[in-house]
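Engineer: Just upload39.csv, nothing more (CSV, C-alpha atoms):
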chain,number,residue,atom,x,y,z
A,1,MET,CA,-28.6,-116.0,-74.4
A,2,THR,CA,-26.0,-113.3,-73.7
A,3,ARG,CA,-24.7,-112.6,-70.2
A,4,PRO,CA,-26.9,-110.1,-68.2
A,5,ARG,CA,-25.2,-106.8,-67.4
A,6,PRO,CA,-26.3,-103.8,-65.4
A,7,ALA,CA,-28.5,-101.3,-67.2
A,8,ALA,CA,-28.4,-97.5,-67.0
A,9,GLY,CA,-31.2,-96.5,-64.7
A,10,GLY,CA,-31.5,-99.8,-62.9
A,11,GLY,CA,-32.2,-103.4,-63.7
A,12,ARG,CA,-30.3,-105.6,-66.2
A,13,VAL,CA,-30.1,-106.1,-69.9
A,14,LEU,CA,-29.4,-109.2,-71.9
A,15,GLY,CA,-30.0,-110.8,-75.2
A,16,VAL,CA,-32.4,-113.8,-75.7
A,17,ALA,CA,-32.3,-116.0,-78.8
A,18,PRO,CA,-35.7,-115.7,-80.6
A,19,GLU,CA,-36.1,-119.5,-80.6
A,20,ARG,CA,-35.8,-119.5,-76.8
A,21,LEU,CA,-38.1,-116.5,-76.1
A,22,ASP,CA,-41.3,-118.4,-75.3
A,23,ARG,CA,-39.5,-120.6,-72.8
A,24,TRP,CA,-37.7,-117.5,-71.3
A,25,VAL,CA,-41.0,-115.6,-70.9
A,26,ASP,CA,-42.6,-118.7,-69.3
A,27,GLY,CA,-39.8,-118.6,-66.7
A,28,VAL,CA,-40.5,-114.9,-66.0
A,29,VAL,CA,-44.2,-115.7,-65.4
A,30,ALA,CA,-43.2,-118.6,-63.1
A,31,ARG,CA,-41.0,-116.3,-61.0
A,32,HIS,CA,-43.0,-113.0,-61.1
A,33,GLY,CA,-46.6,-113.8,-61.9
A,34,ALA,CA,-49.1,-113.1,-64.7
A,35,LEU,CA,-48.3,-110.6,-67.5
A,36,GLU,CA,-49.9,-107.6,-68.9
A,37,THR,CA,-48.6,-106.7,-72.3
A,38,THR,CA,-48.4,-103.2,-73.9
A,39,VAL,CA,-46.5,-101.5,-76.7
A,40,ASP,CA,-44.6,-98.3,-76.5
A,41,ASP,CA,-44.6,-95.7,-79.3
A,42,ASP,CA,-41.2,-96.9,-80.4
A,43,GLY,CA,-42.3,-100.5,-80.8
A,44,THR,CA,-40.9,-101.8,-77.5
A,45,LEU,CA,-43.0,-104.6,-76.1
A,46,ARG,CA,-43.5,-104.1,-72.4
A,47,LEU,CA,-44.5,-106.9,-70.0
A,48,THR,CA,-45.7,-106.0,-66.6
A,49,CYS,CA,-45.8,-108.8,-64.0
A,50,ALA,CA,-48.0,-109.3,-61.0
A,51,ASP,CA,-45.2,-108.4,-58.6
A,52,GLY,CA,-44.3,-105.2,-60.4
A,53,THR,CA,-41.4,-106.5,-62.4
A,54,THR,CA,-41.2,-105.0,-65.9
A,55,VAL,CA,-39.6,-106.5,-69.0
A,56,ALA,CA,-39.0,-104.4,-72.1
A,57,LEU,CA,-38.4,-106.4,-75.3
A,58,ARG,CA,-37.0,-105.0,-78.5
A,59,ALA,CA,-37.2,-107.0,-81.7
A,60,PRO,CA,-33.8,-107.2,-83.6
A,61,PHE,CA,-35.2,-105.9,-86.8
A,62,GLY,CA,-38.5,-104.3,-85.8
A,63,TRP,CA,-42.0,-105.5,-86.0
A,64,THR,CA,-45.6,-104.4,-86.7
A,65,PRO,CA,-47.6,-104.8,-83.5
A,66,SER,CA,-50.9,-106.7,-83.7
A,67,ALA,CA,-52.9,-109.0,-81.4
A,68,PRO,CA,-51.9,-111.2,-79.7
A,69,LEU,CA,-48.9,-109.0,-79.0
A,70,LEU,CA,-46.4,-111.5,-77.6
A,71,THR,CA,-47.2,-114.0,-80.3
A,72,THR,CA,-46.7,-111.6,-83.2
A,73,PHE,CA,-43.6,-110.1,-81.6
A,74,THR,CA,-42.0,-113.6,-81.3
A,75,ALA,CA,-42.9,-114.5,-84.9
A,76,ALA,CA,-41.3,-111.3,-86.1
A,77,ALA,CA,-38.1,-111.9,-84.1
A,78,ARG,CA,-37.8,-115.4,-85.5
A,79,GLN,CA,-38.2,-114.4,-89.1
A,80,PRO,CA,-34.9,-115.3,-90.9
A,81,ARG,CA,-33.7,-112.0,-92.4
A,82,PRO,CA,-30.7,-111.5,-94.6
A,83,VAL,CA,-27.9,-109.6,-92.8
A,84,ALA,CA,-24.3,-108.8,-93.9
A,85,VAL,CA,-21.5,-108.9,-91.4
A,86,LEU,CA,-18.1,-107.1,-91.6
A,87,LEU,CA,-15.4,-107.8,-89.0
A,88,VAL,CA,-12.0,-106.1,-89.2
A,89,ARG,CA,-8.9,-106.0,-86.9
A,90,ARG,CA,-5.3,-105.4,-87.7
A,91,GLY,CA,-4.1,-108.1,-90.0
A,92,ARG,CA,-7.4,-110.0,-90.3
A,93,TRP,CA,-10.9,-109.5,-91.6
A,94,ALA,CA,-14.0,-111.6,-92.2
A,95,VAL,CA,-17.2,-110.9,-94.1
A,96,GLY,CA,-20.4,-112.9,-94.6
A,97,VAL,CA,-24.0,-112.8,-95.5
A,98,PHE,CA,-26.5,-114.7,-93.3
A,99,THR,CA,-30.1,-115.6,-93.7
A,100,GLY,CA,-31.2,-116.0,-90.1
A,101,SER,CA,-28.4,-118.1,-88.6
A,102,ASP,CA,-27.5,-119.8,-91.9
A,103,LEU,CA,-24.3,-118.5,-93.6
A,104,VAL,CA,-24.9,-118.0,-97.3
A,105,VAL,CA,-21.5,-116.7,-98.4
A,106,SER,CA,-18.3,-115.6,-96.6
A,107,LYS,CA,-14.6,-114.9,-96.9
A,108,VAL,CA,-12.0,-114.7,-94.1
A,109,ASP,CA,-8.5,-113.4,-94.9
A,110,THR,CA,-5.3,-112.2,-93.3
A,111,ARG,CA,-2.4,-109.8,-94.0
A,112,LEU,CA,0.8,-109.1,-92.0
A,113,VAL,CA,0.8,-106.1,-89.7
A,114,GLN,CA,4.0,-105.9,-87.7
A,115,GLY,CA,3.9,-105.5,-83.9
A,116,ARG,CA,5.4,-102.6,-82.0
A,117,SER,CA,9.1,-101.8,-82.2
A,118,ALA,CA,11.3,-101.2,-79.1
A,119,ALA,CA,13.7,-99.1,-81.2
A,120,GLY,CA,13.8,-95.3,-81.0
A,121,GLY,CA,14.7,-92.4,-83.2
A,122,TRP,CA,14.6,-92.8,-87.0
A,123,SER,CA,14.2,-96.6,-86.8
A,124,GLN,CA,11.1,-96.2,-84.7
A,125,GLN,CA,9.7,-93.6,-87.2
A,126,ARG,CA,10.4,-95.8,-90.2
A,127,PHE,CA,8.8,-98.7,-88.4
A,128,ALA,CA,5.7,-96.6,-87.5
A,129,ARG,CA,5.3,-95.5,-91.2
A,130,ARG,CA,5.7,-99.1,-92.4
A,131,ARG,CA,3.2,-100.3,-89.8
A,132,ALA,CA,0.7,-97.6,-90.9
A,133,ASN,CA,1.2,-98.6,-94.5
A,134,GLN,CA,0.5,-102.2,-93.7
A,135,ALA,CA,-2.7,-101.2,-91.8
A,136,ASP,CA,-3.8,-99.2,-94.8
A,137,ALA,CA,-3.2,-102.2,-97.0
A,138,VAL,CA,-5.5,-104.3,-94.6
A,139,VAL,CA,-8.2,-101.7,-95.0
A,140,SER,CA,-7.8,-101.7,-98.8
A,141,ALA,CA,-7.9,-105.5,-99.0
A,142,ALA,CA,-10.8,-105.8,-96.6
A,143,ALA,CA,-12.7,-103.3,-98.8
A,144,ASP,CA,-12.0,-105.3,-101.9
A,145,THR,CA,-13.3,-108.4,-100.1
A,146,ALA,CA,-16.4,-106.7,-99.0
A,147,ALA,CA,-17.0,-105.3,-102.5
A,148,ARG,CA,-16.6,-108.8,-104.0
A,149,VAL,CA,-18.6,-110.8,-101.4
A,150,LEU,CA,-21.1,-108.4,-99.8
A,151,LEU,CA,-21.9,-105.9,-102.4
A,152,PRO,CA,-23.8,-108.3,-104.7
A,153,HIS,CA,-26.2,-108.8,-101.8
A,154,ALA,CA,-26.7,-105.2,-100.9
A,155,ALA,CA,-30.1,-105.0,-102.4
A,156,GLN,CA,-31.4,-107.9,-100.3
A,157,VAL,CA,-29.9,-107.5,-96.9
A,158,VAL,CA,-31.8,-105.5,-94.2
A,159,ALA,CA,-28.8,-104.5,-92.2
A,160,VAL,CA,-25.0,-104.5,-92.1
A,161,VAL,CA,-23.5,-105.3,-88.7
A,162,THR,CA,-19.9,-104.7,-87.9
A,163,GLY,CA,-17.3,-105.6,-85.2
A,164,GLY,CA,-13.6,-105.4,-84.4
A,165,ASP,CA,-11.5,-102.2,-84.7
A,166,ARG,CA,-14.1,-99.4,-85.1
A,167,GLY,CA,-11.7,-97.1,-86.8
A,168,MET,CA,-10.6,-99.7,-89.4
A,169,VAL,CA,-14.3,-100.7,-90.0
A,170,ASP,CA,-15.1,-97.0,-90.6
A,171,ASP,CA,-12.2,-96.8,-93.1
A,172,VAL,CA,-13.4,-99.9,-94.9
A,173,LEU,CA,-17.0,-98.6,-95.2
A,174,ALA,CA,-15.7,-95.2,-96.4
A,175,ASP,CA,-14.7,-96.8,-99.7
A,176,PRO,CA,-17.0,-95.3,-102.2
A,177,ARG,CA,-17.8,-98.7,-103.7
A,178,LEU,CA,-19.4,-99.7,-100.4
A,179,ALA,CA,-21.8,-96.8,-100.0
A,180,PRO,CA,-24.8,-99.0,-100.4
A,181,LEU,CA,-23.5,-101.1,-97.5
A,182,ALA,CA,-22.5,-98.2,-95.3
A,183,ALA,CA,-26.1,-96.8,-95.6
A,184,LEU,CA,-27.3,-100.1,-94.0
A,185,ARG,CA,-24.9,-100.1,-91.1
A,186,ARG,CA,-26.5,-100.5,-87.7
A,187,ASP,CA,-25.3,-100.2,-84.1
A,188,PRO,CA,-24.3,-101.4,-81.6
A,189,ALA,CA,-21.1,-103.0,-82.9
A,190,LEU,CA,-20.7,-106.7,-82.3
A,191,GLU,CA,-18.5,-107.8,-79.4
A,192,VAL,CA,-16.0,-110.1,-81.2
A,193,GLY,CA,-12.4,-111.2,-80.9
A,194,GLU,CA,-10.1,-112.0,-83.9
A,195,PRO,CA,-12.2,-112.2,-87.1
A,196,THR,CA,-11.9,-116.0,-87.7
A,197,ARG,CA,-14.5,-118.1,-89.4
A,198,GLU,CA,-15.6,-119.5,-86.0
A,199,VAL,CA,-16.1,-116.0,-84.7
A,200,LEU,CA,-18.0,-115.1,-87.9
A,201,LEU,CA,-20.3,-118.1,-87.5
A,202,GLY,CA,-21.1,-117.0,-83.9
A,203,THR,CA,-22.3,-113.5,-84.8
A,204,PRO,CA,-26.0,-114.4,-85.4
A,205,ALA,CA,-26.3,-115.1,-81.7
A,206,GLN,CA,-25.7,-111.3,-81.2
A,207,PHE,CA,-27.4,-109.6,-84.1
A,208,ARG,CA,-30.5,-111.9,-84.0
A,209,ALA,CA,-31.0,-111.7,-80.2
A,210,VAL,CA,-34.1,-110.0,-78.7
A,211,GLN,CA,-32.8,-107.2,-76.5
A,212,VAL,CA,-34.3,-107.5,-73.0
A,213,HIS,CA,-34.3,-105.0,-70.1
A,214,VAL,CA,-35.6,-106.4,-66.8
A,215,VAL,CA,-36.4,-104.2,-63.8
A,216,GLU,CA,-37.5,-105.9,-60.6
A,217,PRO,CA,-39.2,-104.1,-57.7
A,218,GLY,CA,-36.0,-104.2,-55.7
A,219,ASP,CA,-34.1,-102.4,-58.5
A,220,ARG,CA,-36.2,-99.3,-57.9
A,221,SER,CA,-35.4,-98.9,-54.2
Can you turn what I pasted into structure tokens?
Structural biologist:
Amino acid sequence: MTRPRPAAGGGRVLGVAPERLDRWVDGVVARHGALETTVDDDGTLRLTCADGTTVALRAPFGWTPSAPLLTTFTAAARQPRPVAVLLVRRGRWAVGVFTGSDLVVSKVDTRLVQGRSAAGGWSQQRFARRRANQADAVVSAAADTAARVLLPHAAQVVAVVTGGDRGMVDDVLADPRLAPLAALRRDPALEVGEPTREVLLGTPAQFRAVQVHVVEPGDRS
């Protein structure tokens, strides 16, 4: 479960792992009373509790509402869907394809990008050009990796999720070879640190999470 944070308009938002959703909803019922379930036009499942608390649930990859609503929603959220992941920061990138939480294929790589220079004048300008060239080389190498590792799975994946330096990710996906992947890109971007293998393995906790918005009666006062 991701850490709750304040929501625009009141209440709090958080992410709940699909496998924990039943237990989490049971806790809501224990604290706030029996539920009434409805579905908004956009597919949001809305739970209204006896004390007036409302809980809006969004499935990570959509669902087709049918009765019983909460059961079919949870089943859809738990379905292991194939997803591609692209993480890029200066000097490091990671790509992978997951089915549910299981990593199917991946590659993590690095390339030197020098830090900032304290020198001024022409030395600083030469350093800035060299650093920019190194960053361009990272983008090019990351695009090569994505083409080699992710592109063969483009016809199967339902989404491409990204994280890291947004500008560099944009540049990678601007590579014409990656147009099939760019078309599947979805927001929001993942909140990640340096793109290591460990960080890559932790991304399903974000992109598979059910997005939850809780508003209690006191939040409306």
Engineer: At a cut-off of 12 Å, using all atoms listed in the file, what residues contact Ala75 (chain A)? Leave out same-chain residues fewer than 3 positions from it and give the result as a ChimeraX atom specification.
Structural biologist: /A:18-22,59-72,78-80,210
Engineer: Considering all atoms listed in the file, state which residue in the set A:Ala56, A:Val108, A:Leu86, A:Val172 is at the smallest distance from Leu190 (chain A).
Structural biologist: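 Once distances to Leu190 (chain A) are computed over all atoms listed in the file, the minimum belongs to A:Leu86.
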Engineer: For the atom pair CA of Asp40 (chain A) and CA of Val28 (chain A), what is the interatomic distance in Å to one decimal place?
Structural biologist: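 CA of Val28 (chain A) lies at a distance of 20.1 Å from CA of Asp40 (chain A).
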Engineer: Mind checking which residues fall within 12 Å of Val199 (chain A), counting all atoms listed in the file, ignoring those fewer than 5 positions away in the same chain, and posting them as number ranges by chain?
Structural biologist: A: 85-88, 92-96, 108, 163-164, 190-194, 204-206
Engineer: Kindly extract all protein, DNA and RNA residues lying within 12 Å of the coordinates (-25.4, -118.8, -92.7) given in the file, considering only C-alpha atoms, and supply them as an MDAnalysis selection string.
Structural biologist: chainID A and resid 80:85 95:106 197:198 200:205
Engineer: Which residue, A:Arg111, A:Arg166, A:Arg220, A:Arg12, has the smallest gap to Ala142 (chain A) when you use all atoms listed in the file?
Structural biologist: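 Smallest separation from Ala142 (chain A) among the options: A:Arg111.
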Engineer: Return the single residue from A:Leu57, A:Ala77, A:Leu151, A:Val139 that is closest to Val13 (chain A), with distances computed using all atoms listed in the file.
Structural biologist: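 So, comparing all the options, the nearest one is A:Leu57.
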Engineer: If you count all atoms listed in the file, which residues fall within 7 Å of Ala154 (chain A), apart from same-chain ones fewer than 4 positions away, as a PyMOL selection string?
Structural biologist: chain A and resi 150+180-181
Engineer: For the residues in that selection, give me C-alpha atoms as a PDB file, keeping the file's coordinate frame.
Structural biologist:
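What follows is the written file again24.pdb:
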ATOM      1  CA  LEU A 150     -21.100-108.400 -99.800  1.00  0.00           C
ATOM      2  CA  PRO A 180     -24.800 -99.000-100.400  1.00  0.00           C
ATOM      3  CA  LEU A 181     -23.500-101.100 -97.500  1.00  0.00           C
TER       4      LEU A 181
END
Engineer: Please provide as a list in words all residues within 7 Å of Arg46 (chain A), with the sequence filter that same-chain residues fewer than 5 positions apart are discarded (counting only C-alpha atoms).
Structural biologist: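 Near Arg46 (chain A), the qualifying residues are Thr37, Thr38, Val39, Thr54, Val55, Ala56 and Leu57 of chain A.
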Engineer: May I ask which of the residues A:Thr48, A:Gln156, A:Thr162, A:Thr145 is the closest one to Val29 (chain A), counting all atoms listed in the file?
Structural biologist: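 Of the candidates, the smallest distance to Val29 (chain A) is held by A:Thr48.
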Engineer: Taking into account all atoms listed in the file, which residue in the set A:Leu45, A:Leu178, A:Val161, A:Met168 is nearest to Ala146 (chain A)?
Structural biologist: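 The answer is A:Leu178, which sits nearest to Ala146 (chain A).
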Engineer: At what distance in Å, to one decimal, does CA of Pro188 (chain A) lie from CA of Asp219 (chain A)?
Structural biologist: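 Computing the Euclidean distance for CA of Asp219 (chain A) and CA of Pro188 (chain A) yields 25.1 Å.
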Engineer: Report as a list in words all protein, DNA and RNA residues lying within 8 Å of Gly52 (chain A), evaluated on all atoms listed in the file, omitting residues in the same chain fewer than 2 positions from it.
Structural biologist: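 Contacts, with the query itself left out: His32, Thr48, Cys49, Ala50, Thr54, Glu216 and Pro217 of chain A.
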Engineer: Between A:Arg90, A:His153, A:His213, A:Arg186, which residue has the minimum interatomic distance to Ala141 (chain A), considering all atoms listed in the file?
Structural biologist: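 Checking each of A:Arg90, A:His153, A:His213, A:Arg186 against Ala141 (chain A), counting all atoms listed in the file, the winner is A:Arg90.
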Engineer: Please measure the separation of CA of Ala179 (chain A) and CA of Ala147 (chain A), giving the value in Å to one decimal.
Structural biologist: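 Interatomic distance here is 10.1 Å.
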